[in-house]
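Text of the file query32.txt, holding compact mmCIF, C-alpha atoms:
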```
# COMPACT_ATOMS: atom_id res chain seq x y z
CA MET A 93 0.17 36.67 -34.11
CA LEU A 94 2.06 33.41 -34.57
CA MET A 95 5.83 32.90 -34.68
CA LEU A 96 6.21 30.28 -37.40
CA PRO A 97 9.52 28.81 -38.65
CA ASP A 98 9.69 31.42 -41.42
CA GLY A 99 8.87 34.32 -39.11
CA PRO A 100 5.87 36.06 -37.52
CA VAL A 101 2.49 36.08 -39.25
CA ARG A 102 -0.73 37.88 -38.40
CA ASP A 103 -4.33 36.70 -38.47
CA HIS A 104 -3.39 33.04 -38.15
CA ALA A 105 -4.65 30.37 -35.78
CA VAL A 106 -3.71 26.95 -34.46
CA LEU A 107 -5.82 23.95 -33.60
CA VAL A 108 -4.49 21.94 -30.65
CA GLU A 109 -5.73 18.42 -30.06
CA ASP A 110 -4.31 15.60 -27.92
CA GLY A 111 -1.32 17.71 -26.99
CA LYS A 112 -0.25 18.45 -30.57
CA PHE A 113 -0.68 21.12 -33.21
CA ARG A 114 -3.19 19.58 -35.61
CA GLU A 115 -3.83 22.52 -37.92
CA ILE A 116 -2.16 25.87 -38.56
CA GLY A 117 -3.27 28.51 -41.03
CA PRO A 118 -5.25 31.67 -41.66
CA ALA A 119 -7.73 32.15 -38.83
CA ARG A 120 -10.74 32.58 -41.11
CA LYS A 121 -10.05 29.23 -42.82
CA LEU A 122 -9.70 27.33 -39.54
CA LEU A 123 -12.87 28.94 -38.19
CA ALA A 124 -14.74 27.95 -41.35
CA ARG A 125 -13.55 24.34 -41.08
CA HIS A 126 -14.46 24.08 -37.39
CA PRO A 127 -17.63 26.13 -36.82
CA ALA A 128 -18.50 24.19 -33.64
CA LEU A 129 -15.30 25.24 -31.86
CA ARG A 130 -15.14 28.44 -29.84
CA PRO A 131 -11.89 30.25 -30.67
CA VAL A 132 -9.62 31.75 -28.01
CA ARG A 133 -8.65 35.19 -29.25
CA LEU A 134 -5.18 36.44 -28.40
CA ASP A 135 -5.35 40.06 -29.46
CA GLY A 136 -2.14 41.91 -28.67
CA HIS A 137 -0.29 38.65 -28.00
CA LEU A 138 2.22 36.43 -29.75
CA LEU A 139 2.00 32.65 -29.76
CA MET A 140 5.60 31.44 -30.06
CA PRO A 141 7.53 28.20 -29.43
CA GLY A 142 8.66 27.66 -25.87
CA PHE A 143 12.36 28.03 -25.18
CA VAL A 144 14.36 24.80 -24.95
CA ASP A 145 17.17 24.73 -22.38
CA ALA A 146 19.85 22.48 -23.86
CA HIS A 147 21.92 22.25 -20.66
CA HIS A 148 20.70 22.41 -17.06
CA HIS A 149 21.55 20.99 -13.64
CA LEU A 150 18.19 20.69 -11.91
CA THR A 151 19.58 19.61 -8.54
CA GLN A 152 21.79 22.67 -8.22
CA SER A 153 18.99 25.20 -7.77
CA PHE A 154 19.74 25.72 -4.07
CA GLY A 155 23.18 27.12 -5.01
CA LYS A 156 22.32 30.22 -7.00
CA ALA A 157 24.36 33.09 -5.51
CA GLN A 158 26.82 30.64 -3.96
CA SER A 159 28.42 30.42 -7.41
CA PHE A 160 28.87 34.16 -7.95
CA GLY A 161 32.42 35.43 -8.15
CA GLN A 162 34.02 32.00 -7.88
CA PRO A 163 36.88 30.48 -9.91
CA SER A 164 35.79 28.76 -13.09
CA GLU A 165 35.85 25.11 -12.01
CA ILE A 166 33.27 25.63 -9.28
CA PHE A 167 31.87 22.13 -9.72
CA LYS A 168 34.59 20.92 -7.38
CA THR A 169 33.98 23.43 -4.60
CA ILE A 170 30.29 24.26 -4.96
CA TRP A 171 28.24 21.88 -7.08
CA GLU A 172 29.61 18.47 -6.07
CA PRO A 173 29.40 19.22 -2.31
CA LEU A 174 25.94 20.73 -2.73
CA GLU A 175 24.52 17.78 -4.66
CA HIS A 176 26.17 15.26 -2.34
CA ALA A 177 24.30 16.92 0.56
CA LEU A 178 20.90 16.30 -1.01
CA ASP A 179 18.52 13.57 0.09
CA GLU A 180 15.42 12.27 -1.69
CA GLU A 181 13.14 15.12 -0.60
CA SER A 182 15.60 17.95 -1.16
CA ALA A 183 16.63 16.62 -4.58
CA TYR A 184 12.96 16.48 -5.56
CA LEU A 185 12.36 20.01 -4.23
CA SER A 186 15.43 21.34 -6.04
CA ALA A 187 14.29 19.84 -9.35
CA LYS A 188 10.73 21.09 -8.97
CA LEU A 189 11.94 24.57 -8.01
CA ALA A 190 14.24 24.66 -11.05
CA ALA A 191 11.38 23.47 -13.27
CA LEU A 192 9.06 26.17 -11.94
CA GLU A 193 11.71 28.84 -12.49
CA ALA A 194 12.24 27.54 -16.03
CA LEU A 195 8.53 27.68 -16.81
CA ARG A 196 8.36 31.22 -15.45
CA GLY A 197 11.18 32.10 -17.82
CA GLY A 198 9.42 30.66 -20.86
CA PHE A 199 11.14 27.27 -21.10
CA THR A 200 8.93 24.37 -22.05
CA THR A 201 11.82 21.85 -22.17
CA VAL A 202 14.94 21.45 -20.04
CA ALA A 203 17.82 19.01 -20.45
CA ASP A 204 19.24 17.83 -17.15
CA ALA A 205 22.88 16.79 -17.49
CA GLY A 206 22.73 14.30 -14.62
CA THR A 207 22.86 14.65 -10.87
CA ARG A 208 25.57 13.64 -8.44
CA ALA A 209 23.04 13.51 -5.61
CA PRO A 210 23.00 10.10 -3.86
CA VAL A 211 19.37 9.51 -4.84
CA ASP A 212 17.45 7.76 -7.58
CA VAL A 213 16.89 10.05 -10.59
CA GLY A 214 13.20 9.32 -10.17
CA ALA A 215 13.19 12.16 -7.64
CA VAL A 216 14.22 14.57 -10.40
CA ALA A 217 11.65 13.12 -12.79
CA LYS A 218 8.92 13.50 -10.18
CA GLY A 219 9.75 17.18 -9.67
CA THR A 220 9.72 18.03 -13.37
CA GLU A 221 6.64 15.95 -14.12
CA GLU A 222 4.64 17.57 -11.34
CA ALA A 223 5.73 21.01 -12.54
CA GLY A 224 4.65 20.04 -16.07
CA ILE A 225 7.83 20.75 -18.01
CA ARG A 226 9.32 18.50 -20.69
CA CYS A 227 12.62 17.03 -19.48
CA VAL A 228 15.55 15.29 -21.13
CA LEU A 229 16.62 13.37 -18.04
CA SER A 230 20.16 12.07 -17.77
CA LYS A 231 21.68 9.43 -15.60
CA ILE A 232 25.43 9.68 -15.04
CA VAL A 233 26.97 6.32 -15.94
CA SER A 234 30.70 6.93 -15.53
CA ASP A 235 31.01 3.49 -13.94
CA GLY A 236 29.40 1.88 -16.99
CA LYS A 237 26.36 0.66 -15.03
CA GLY A 238 22.63 1.28 -15.27
CA GLY A 239 22.47 2.73 -18.77
CA PRO A 240 20.07 0.30 -20.46
CA ALA A 241 17.72 0.26 -17.47
CA HIS A 242 17.49 4.04 -17.40
CA LEU A 243 16.86 4.30 -21.12
CA GLY A 244 14.06 1.75 -20.88
CA ARG A 245 12.53 3.09 -17.68
CA TRP A 246 10.92 6.13 -19.30
CA ASP A 247 9.87 4.50 -22.53
CA ALA A 248 6.92 6.33 -24.16
CA HIS A 249 6.60 8.79 -21.26
CA PRO A 250 4.94 11.99 -22.58
CA LEU A 251 7.31 14.40 -20.80
CA ILE A 252 10.43 12.46 -19.71
CA HIS A 253 13.01 11.68 -22.42
CA PRO A 254 15.87 9.54 -21.07
CA SER A 255 19.50 10.38 -21.71
CA LEU A 256 22.87 9.13 -20.49
CA ALA A 257 25.73 11.30 -19.31
CA ILE A 258 29.37 11.26 -18.33
CA ALA A 259 30.23 14.52 -16.62
CA VAL A 260 33.63 14.93 -18.31
CA PRO A 261 35.60 12.48 -20.48
CA GLU A 262 38.29 11.97 -17.84
CA ASN A 263 35.68 10.55 -15.45
CA ALA A 264 35.34 7.30 -17.40
CA THR A 265 37.40 4.84 -19.37
CA ALA A 266 37.46 4.97 -23.15
CA GLU A 267 35.53 1.69 -23.21
CA VAL A 268 32.74 3.08 -21.00
CA ILE A 269 32.49 6.32 -22.98
CA LYS A 270 32.27 4.47 -26.28
CA LYS A 271 29.73 2.00 -24.88
CA THR A 272 27.58 4.84 -23.52
CA ALA A 273 27.61 6.70 -26.81
CA LYS A 274 26.64 3.49 -28.62
CA LEU A 275 23.77 2.80 -26.22
CA CYS A 276 22.39 6.28 -26.82
CA ALA A 277 22.70 5.98 -30.58
CA GLU A 278 20.85 2.66 -30.54
CA ALA A 279 18.10 4.06 -28.29
CA ASP A 280 17.85 7.36 -30.23
CA ALA A 281 18.75 9.19 -27.03
CA VAL A 282 21.30 11.89 -26.30
CA PHE A 283 24.72 11.26 -24.80
CA GLN A 284 25.62 14.31 -22.71
CA VAL A 285 29.18 15.27 -21.77
CA HIS A 286 30.94 18.49 -20.74
CA VAL A 287 33.70 19.31 -23.23
CA ASN A 288 36.41 21.97 -23.55
CA GLU A 289 34.80 24.09 -20.84
CA HIS A 290 37.86 25.23 -18.87
CA LEU A 291 41.55 25.56 -19.63
CA ALA A 292 42.25 23.21 -16.71
CA SER A 293 40.03 20.49 -18.21
CA VAL A 294 41.64 20.84 -21.65
CA GLU A 295 45.10 20.54 -20.11
CA ARG A 296 44.08 17.53 -18.01
CA SER A 297 42.91 15.82 -21.17
CA LEU A 298 46.13 16.62 -23.01
CA LYS A 299 48.23 15.29 -20.14
CA SER A 300 46.20 12.13 -19.59
CA VAL A 301 45.33 11.00 -23.12
CA GLY A 302 47.38 13.30 -25.36
CA ARG A 303 44.33 14.86 -27.01
CA ARG A 304 41.90 17.68 -26.34
CA PRO A 305 38.42 16.53 -25.16
CA VAL A 306 36.58 16.80 -28.49
CA GLU A 307 39.53 15.26 -30.31
CA TYR A 308 39.58 12.43 -27.79
CA LEU A 309 35.86 11.68 -28.14
CA HIS A 310 36.33 11.52 -31.90
CA HIS A 311 39.40 9.31 -31.55
CA ILE A 312 37.59 6.69 -29.45
CA GLY A 313 34.46 6.72 -31.64
CA ALA A 314 32.13 8.55 -29.24
CA LEU A 315 31.51 11.69 -31.30
CA GLY A 316 28.39 11.40 -33.41
CA PRO A 317 24.87 12.70 -34.08
CA HIS A 318 23.68 11.60 -30.64
CA THR A 319 26.49 13.36 -28.78
CA LEU A 320 25.71 16.64 -27.03
CA GLY A 321 28.78 18.47 -25.76
CA ALA A 322 28.16 21.15 -23.16
CA HIS A 323 29.97 24.52 -23.23
CA ALA A 324 32.73 23.92 -25.81
CA THR A 325 34.14 27.36 -25.05
CA LEU A 326 37.71 26.43 -26.01
CA LEU A 327 37.53 24.82 -29.46
CA THR A 328 40.25 24.75 -32.08
CA PRO A 329 39.29 25.07 -35.77
CA GLY A 330 40.11 21.38 -36.10
CA GLU A 331 37.70 20.45 -33.32
CA MET A 332 34.97 22.57 -34.93
CA ARG A 333 35.54 20.62 -38.13
CA LEU A 334 35.26 17.32 -36.24
CA LEU A 335 31.95 18.45 -34.75
CA ALA A 336 30.59 19.46 -38.15
CA GLU A 337 31.69 16.25 -39.86
CA SER A 338 30.44 13.96 -37.09
CA GLY A 339 27.04 15.62 -36.74
CA ALA A 340 27.54 16.12 -32.99
CA ALA A 341 25.77 18.99 -31.24
CA ILE A 342 26.89 21.65 -28.76
CA SER A 343 25.08 23.54 -26.04
CA TYR A 344 26.17 27.18 -26.11
CA ASN A 345 25.78 28.49 -22.54
CA PRO A 346 26.45 32.24 -22.64
CA VAL A 347 25.38 33.14 -19.09
CA ALA A 348 27.62 30.42 -17.68
CA SER A 349 30.52 31.95 -19.59
CA ALA A 350 29.82 35.34 -18.03
CA TRP A 351 29.28 34.05 -14.50
CA LYS A 352 32.08 31.52 -14.29
CA GLY A 353 34.87 33.11 -16.28
CA ASN A 354 34.88 30.58 -19.10
CA GLY A 355 35.66 31.52 -22.64
CA VAL A 356 32.73 32.17 -24.97
CA ALA A 357 31.86 29.47 -27.49
CA HIS A 358 32.22 30.83 -31.02
CA ALA A 359 28.57 30.19 -31.86
CA THR A 360 28.44 32.28 -35.03
CA MET A 361 31.42 30.29 -36.34
CA LEU A 362 29.66 27.05 -35.38
CA ALA A 363 26.62 28.20 -37.33
CA ALA A 364 28.73 29.09 -40.36
CA MET A 365 30.45 25.68 -40.25
CA GLY A 366 27.17 23.81 -40.00
CA VAL A 367 27.67 22.60 -36.43
CA ARG A 368 24.39 21.82 -34.70
CA PHE A 369 23.96 23.81 -31.52
CA GLY A 370 21.39 24.88 -29.00
CA THR A 371 21.52 27.31 -26.11
CA GLY A 372 21.45 26.43 -22.43
CA THR A 373 21.37 28.09 -19.04
CA ASP A 374 23.67 25.67 -17.18
CA GLY A 375 21.27 26.29 -14.30
CA THR A 376 22.32 29.93 -14.00
CA ARG A 377 18.92 31.59 -14.36
CA GLY A 378 15.74 30.26 -15.85
CA ASP A 379 14.95 33.19 -18.12
CA GLY A 380 14.70 32.51 -21.83
CA PHE A 381 14.59 36.11 -23.01
CA ARG A 382 17.64 37.09 -20.94
CA MET A 383 19.41 33.97 -22.24
CA ILE A 384 19.00 34.89 -25.91
CA ASP A 385 20.00 38.48 -25.16
CA ALA A 386 23.13 37.12 -23.45
CA ALA A 387 23.78 34.76 -26.37
CA GLU A 388 23.85 37.62 -28.86
CA THR A 389 25.67 40.04 -26.55
CA ALA A 390 28.42 37.58 -25.60
CA GLN A 391 28.98 36.76 -29.27
CA ARG A 392 29.14 40.44 -30.17
CA LEU A 393 31.64 41.28 -27.42
CA ALA A 394 33.83 38.21 -27.89
CA TYR A 395 33.91 38.01 -31.69
CA GLY A 396 31.62 40.43 -33.52
CA MET A 397 33.21 43.71 -32.51
CA GLY A 398 36.72 42.56 -33.40
CA ALA A 399 35.56 41.44 -36.83
CA GLY A 400 33.34 44.43 -37.52
CA ASP A 401 30.30 42.14 -37.56
CA SER A 402 27.35 44.41 -36.86
CA SER A 403 24.77 41.65 -37.29
CA CYS A 404 26.16 38.75 -35.21
CA GLY A 405 23.52 36.46 -36.62
CA ALA A 406 20.62 38.87 -36.10
CA GLY A 407 17.57 38.08 -33.99
CA LYS A 408 16.56 35.14 -36.18
CA LEU A 409 19.66 33.08 -35.36
CA TRP A 410 19.36 33.39 -31.59
CA LEU A 411 15.62 32.83 -31.48
CA GLU A 412 15.94 29.71 -33.64
CA HIS A 413 18.83 28.24 -31.67
CA ALA A 414 16.96 28.74 -28.40
CA THR A 415 13.92 26.87 -29.74
CA SER A 416 14.16 24.57 -32.76
CA GLY A 417 17.97 24.44 -32.71
CA SER A 418 18.02 23.41 -29.06
CA ALA A 419 15.30 20.82 -29.68
CA ASP A 420 17.38 19.38 -32.52
CA ALA A 421 20.52 19.28 -30.34
CA LEU A 422 18.54 17.26 -27.78
CA GLY A 423 17.25 14.81 -30.35
CA LEU A 424 13.74 16.26 -30.02
CA GLY A 425 13.56 18.03 -33.36
CA ARG A 426 10.63 15.84 -34.39
CA VAL A 427 8.86 16.49 -31.10
CA THR A 428 9.06 20.17 -30.18
CA GLY A 429 10.72 23.52 -30.85
CA GLN A 430 8.40 24.91 -33.54
CA ILE A 431 4.80 25.88 -34.14
CA ALA A 432 4.28 23.17 -36.75
CA VAL A 433 1.66 20.55 -37.52
CA GLY A 434 2.31 17.26 -35.74
CA LYS A 435 4.66 18.70 -33.13
CA ALA A 436 3.88 18.95 -29.45
CA ALA A 437 1.89 21.98 -28.41
CA ASP A 438 4.71 23.48 -26.33
CA PHE A 439 4.28 27.24 -26.61
CA LEU A 440 4.20 30.63 -24.94
CA VAL A 441 1.58 33.35 -25.09
CA VAL A 442 3.54 36.61 -24.92
CA ASP A 443 2.06 40.07 -24.45
CA ILE A 444 3.51 42.21 -27.25
CA ASP A 445 1.14 45.15 -26.76
CA VAL A 446 3.69 46.85 -24.50
CA PRO A 447 5.73 50.08 -24.73
CA GLU A 448 8.99 48.16 -25.22
CA LEU A 449 7.77 46.57 -28.46
CA THR A 450 5.79 49.52 -29.84
CA PRO A 451 6.19 50.38 -32.65
CA SER A 452 7.41 47.01 -33.90
CA TRP A 453 9.73 46.80 -36.91
CA ASP A 454 11.55 43.46 -36.58
CA LEU A 455 9.86 41.26 -34.00
CA ARG A 456 12.57 38.60 -33.84
CA TRP A 457 15.26 41.18 -33.09
CA GLU A 458 12.93 42.85 -30.58
CA LEU A 459 12.31 39.60 -28.74
CA VAL A 460 16.08 39.08 -28.40
CA ARG A 461 16.92 42.61 -27.31
CA LEU A 462 13.81 43.99 -25.63
CA ALA A 463 11.40 41.29 -24.41
CA ASN A 464 11.13 40.16 -20.79
CA ARG A 465 9.65 37.20 -18.97
CA ASP A 466 7.05 39.46 -17.32
CA GLN A 467 5.39 39.60 -20.76
CA ILE A 468 4.73 35.82 -20.67
CA THR A 469 1.02 35.48 -20.02
CA ALA A 470 0.80 31.71 -20.39
CA VAL A 471 3.01 28.66 -20.83
CA VAL A 472 1.59 25.51 -22.43
CA VAL A 473 3.42 22.17 -22.52
CA ASP A 474 2.05 19.13 -24.33
CA GLY A 475 -1.20 20.99 -24.88
CA ARG A 476 -1.81 21.71 -21.18
CA LEU A 477 -1.73 25.08 -19.47
CA ARG A 478 1.22 24.89 -17.05
CA LEU A 479 1.63 28.53 -16.09
CA TRP A 480 -0.73 31.49 -16.04
CA GLN A 481 0.63 34.95 -15.26
CA GLY A 482 3.70 33.52 -13.60
CA TRP A 483 2.19 30.75 -11.47
CA PRO A 484 0.87 27.22 -12.04
CA PRO A 485 -2.94 27.04 -12.20
CA ASP A 486 -3.23 23.48 -10.86
CA TRP A 487 -0.73 23.24 -8.00
CA ASP A 488 0.55 25.52 -5.24
CA GLY A 489 3.71 27.23 -6.49
CA PRO A 490 4.09 29.62 -3.53
CA ALA A 491 3.89 26.66 -1.14
CA LEU A 492 6.84 25.05 -2.96
CA VAL A 493 8.84 28.26 -2.62
CA ARG A 494 8.09 28.39 1.13
CA ARG A 495 9.16 24.76 1.59
CA VAL A 496 12.41 25.34 -0.28
CA ALA A 497 13.12 28.35 1.93
CA GLU A 498 12.86 26.00 4.94
CA VAL A 499 14.93 23.12 3.52
CA ALA A 500 17.67 24.74 1.43
CA PRO A 501 19.66 26.46 4.21
CA GLU A 502 20.23 23.16 5.99
CA VAL A 503 21.35 21.48 2.75
CA VAL A 504 23.86 24.28 2.11
CA ARG A 505 25.10 24.03 5.71
CA ARG A 506 25.68 20.28 5.33
CA ALA A 507 27.48 20.82 2.03
CA LYS A 508 30.29 22.88 3.64
CA LEU A 509 30.89 24.80 0.44
CA GLN A 510 34.39 26.11 -0.20
CA ARG A 511 33.91 29.67 -1.40
CA VAL A 512 36.62 32.10 -2.38
CA GLU A 513 35.68 35.35 -0.67
CA PRO A 514 36.79 38.77 -1.97
CA VAL A 515 39.61 40.42 -0.06
```

Please, can you express the file's structure as structure tokens?
Amino acid sequence: MLMLPDGPVRDHAVLVEDGKFREIGPARKLLARHPALRPVRLDGHLLMPGFVDAHHHLTQSFGKAQSFGQPSEIFKTIWEPLEHALDEESAYLSAKLAALEALRGGFTTVADAGTRAPVDVGAVAKGTEEAGIRCVLSKIVSDGKGGPAHLGRWDAHPLIHPSLAIAVPENATAEVIKKTAKLCAEADAVFQVHVNEHLASVERSLKSVGRRPVEYLHHIGALGPHTLGAHATLLTPGEMRLLAESGAAISYNPVASAWKGNGVAHATMLAAMGVRFGTGTDGTRGDGFRMIDAAETAQRLAYGMGAGDSSCGAGKLWLEHATSGSADALGLGRVTGQIAVGKAADFLVVDIDVPELTPSWDLRWELVRLANRDQITAVVVDGRLRLWQGWPPDWDGPALVRRVAEVAPEVVRRAKLQRVEPV
């Protein structure tokens, strides 16, 4: 079975060549056109697009449980100290570990929002490239330096797509923010920035520039089709309108909202208003099926129940915005996110011959509510098998896990994290 843009279809096949989908159609027709090829049968399986993580922090993977139960703005007490404690090797290991976890969770693309580690971002690129995942790789340019070089450094790379980032608007001058957004627009790259994530950040913006973050980006001319705002949990109706009119995109990160005490972005409202949005993990857990379940559940609890909305977008909305919608938000809509001719062969082979999905009545809803990553038999990125039954076939995944277990405790010790412990 194939999951095509219009829904699941049976008895269809794909032809993959040079890392792309070259033909898609009824299996008997493809077999007739290519009698010399030996087909790979996938009885009892679904071939679906890989999940696209629209917001990740690849060099924060050593933190994990350190972030549980902490106040919302944990970047100050957990993430910044942790990343500052990384060196070249540990940053590389962190990125490769995060990439492996993402692949195991069905992600074929991740967008890194930029690292604060005192290392060259090449260490992050090396980790993701070796793992075999597609990566939108940001460089933080709050000082206004290094943007053009970074955008040109990865030109035509098959898996690395360069991006520029400013962590939050208050970290840079209006001139730098506007220049960064312009550079990205000219290079057809994404400008990543955290917006309206916490009440404290909204109030800082109001006190410093007299406008809320999204309003401020619009005011200085930095809100446009190449802008990707992360979180956006605290949007006014006016800011939603600005997003829709400007063509900017949002990464809806439902697990981050649950774990860090943020608000929940009103994603169903964004969809109704025509705001482009994808879904992201924010580095919480690399599990695509649990992410889309959280996306629907958070929306239902925060907005659907109060409005008597029993659908909350249905399975179709969440599956689309975790695949093609996320790819579009990252500027990769022409590259990945769908099983479609000409797009990269980034896909999952999912076992659907399981008790949880039998009998099947509405596969898209069932994938959102019932599917698990242990059903992912294979992960393919750019036409190459990257994961088979949970582990890479061409490099030693368990050895990476063992090395991380040796290195990570020392990094965390050096970081001197400031945790709030329960009393």

- Please provide as a PyMOL selection string all residues within 10 Å of Ile258 of chain A, with the sequence filter that same-chain residues fewer than 2 positions apart are discarded (counting all atoms listed in the file). chain A and resi 205-206+230-236+256+260-264+268-269+272-273+283-286

- Message: Restricting the calculation to all atoms listed in the file: of A:Phe113, A:Gly239, A:Arg494, A:Val504, which residue gets closest to Glu278 of chain A?
- Response: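 For Glu278 of chain A, the nearest of the candidates is A:Gly239.
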
- What's the 12 Å shell around Cys276 of chain A, counting all atoms listed in the file, without same-chain residues fewer than 4 positions away, as a PyMOL selection string? chain A and resi 230-231+233+239-240+242-244+253-257+269-272+280-284+314-320+422-423

- Message: I'd like the neighbourhood of Lys188 of chain A as a list in words, where a residue qualifies if any of its atoms comes within 8 Å (using all atoms listed in the file), though same-chain residues fewer than 3 positions away should be ignored.
- Response: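 With the cut-off at 8 Å, the set is Tyr184, Leu185, Ala191, Leu192, Val216, Lys218, Gly219, Thr220, Glu222 and Ala223 of chain A.
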
- Message: Applying 12 Å and only C-alpha atoms, which residues near Thr207 of chain A remain after dropping the ones on its own chain fewer than 3 positions away? List them as a PyMOL selection string.
- Response: chain A and resi 148-153+167+171-179+183-184+186-187+203-204+210-217+229-234+256-259

Keeping C-alpha atoms for every residue in the selection just given, could you write it to a file as a compact mmCIF listing (two decimals), in the coordinates of the input?
```
# COMPACT_ATOMS: atom_id res chain seq x y z
CA HIS A 148 20.70 22.41 -17.06
CA HIS A 149 21.55 20.99 -13.64
CA LEU A 150 18.19 20.69 -11.91
CA THR A 151 19.58 19.61 -8.54
CA GLN A 152 21.79 22.67 -8.22
CA SER A 153 18.99 25.20 -7.77
CA PHE A 167 31.87 22.13 -9.72
CA TRP A 171 28.24 21.88 -7.08
CA GLU A 172 29.61 18.47 -6.07
CA PRO A 173 29.40 19.22 -2.31
CA LEU A 174 25.94 20.73 -2.73
CA GLU A 175 24.52 17.78 -4.66
CA HIS A 176 26.17 15.26 -2.34
CA ALA A 177 24.30 16.92 0.56
CA LEU A 178 20.90 16.30 -1.01
CA ASP A 179 18.52 13.57 0.09
CA ALA A 183 16.63 16.62 -4.58
CA TYR A 184 12.96 16.48 -5.56
CA SER A 186 15.43 21.34 -6.04
CA ALA A 187 14.29 19.84 -9.35
CA ALA A 203 17.82 19.01 -20.45
CA ASP A 204 19.24 17.83 -17.15
CA PRO A 210 23.00 10.10 -3.86
CA VAL A 211 19.37 9.51 -4.84
CA ASP A 212 17.45 7.76 -7.58
CA VAL A 213 16.89 10.05 -10.59
CA GLY A 214 13.20 9.32 -10.17
CA ALA A 215 13.19 12.16 -7.64
CA VAL A 216 14.22 14.57 -10.40
CA ALA A 217 11.65 13.12 -12.79
CA LEU A 229 16.62 13.37 -18.04
CA SER A 230 20.16 12.07 -17.77
CA LYS A 231 21.68 9.43 -15.60
CA ILE A 232 25.43 9.68 -15.04
CA VAL A 233 26.97 6.32 -15.94
CA SER A 234 30.70 6.93 -15.53
CA LEU A 256 22.87 9.13 -20.49
CA ALA A 257 25.73 11.30 -19.31
CA ILE A 258 29.37 11.26 -18.33
CA ALA A 259 30.23 14.52 -16.62
```

Since the input has fewer atoms than a full residue there, write segment 289-302 of chain A out with N, CA and C atoms, as a compact mmCIF listing (two decimals), in the frame of the given file.
```
# COMPACT_ATOMS: atom_id res chain seq x y z
N GLU A 289 35.44 23.00 -21.57
CA GLU A 289 34.80 24.09 -20.84
C GLU A 289 35.83 25.02 -20.20
N HIS A 290 36.85 24.45 -19.58
CA HIS A 290 37.86 25.23 -18.87
C HIS A 290 39.25 24.88 -19.39
N LEU A 291 40.17 25.82 -19.25
CA LEU A 291 41.55 25.56 -19.63
C LEU A 291 42.11 24.38 -18.83
N ALA A 292 41.76 24.31 -17.54
CA ALA A 292 42.25 23.21 -16.71
C ALA A 292 41.79 21.86 -17.25
N SER A 293 40.55 21.77 -17.71
CA SER A 293 40.03 20.49 -18.21
C SER A 293 40.69 20.12 -19.53
N VAL A 294 40.94 21.11 -20.39
CA VAL A 294 41.64 20.84 -21.65
C VAL A 294 43.05 20.32 -21.37
N GLU A 295 43.72 20.97 -20.41
CA GLU A 295 45.10 20.54 -20.11
C GLU A 295 45.13 19.17 -19.44
N ARG A 296 44.14 18.87 -18.60
CA ARG A 296 44.08 17.53 -18.01
C ARG A 296 43.95 16.47 -19.09
N SER A 297 43.11 16.77 -20.08
CA SER A 297 42.91 15.82 -21.17
C SER A 297 44.20 15.63 -21.97
N LEU A 298 44.88 16.72 -22.26
CA LEU A 298 46.13 16.62 -23.01
C LEU A 298 47.17 15.80 -22.25
N LYS A 299 47.24 16.00 -20.94
CA LYS A 299 48.23 15.29 -20.14
C LYS A 299 47.89 13.81 -19.95
N SER A 300 46.60 13.51 -19.88
CA SER A 300 46.20 12.13 -19.59
C SER A 300 46.07 11.26 -20.82
N VAL A 301 45.55 11.82 -21.93
CA VAL A 301 45.33 11.00 -23.12
C VAL A 301 45.99 11.58 -24.37
N GLY A 302 46.66 12.73 -24.24
CA GLY A 302 47.38 13.30 -25.36
C GLY A 302 46.52 13.99 -26.39
```
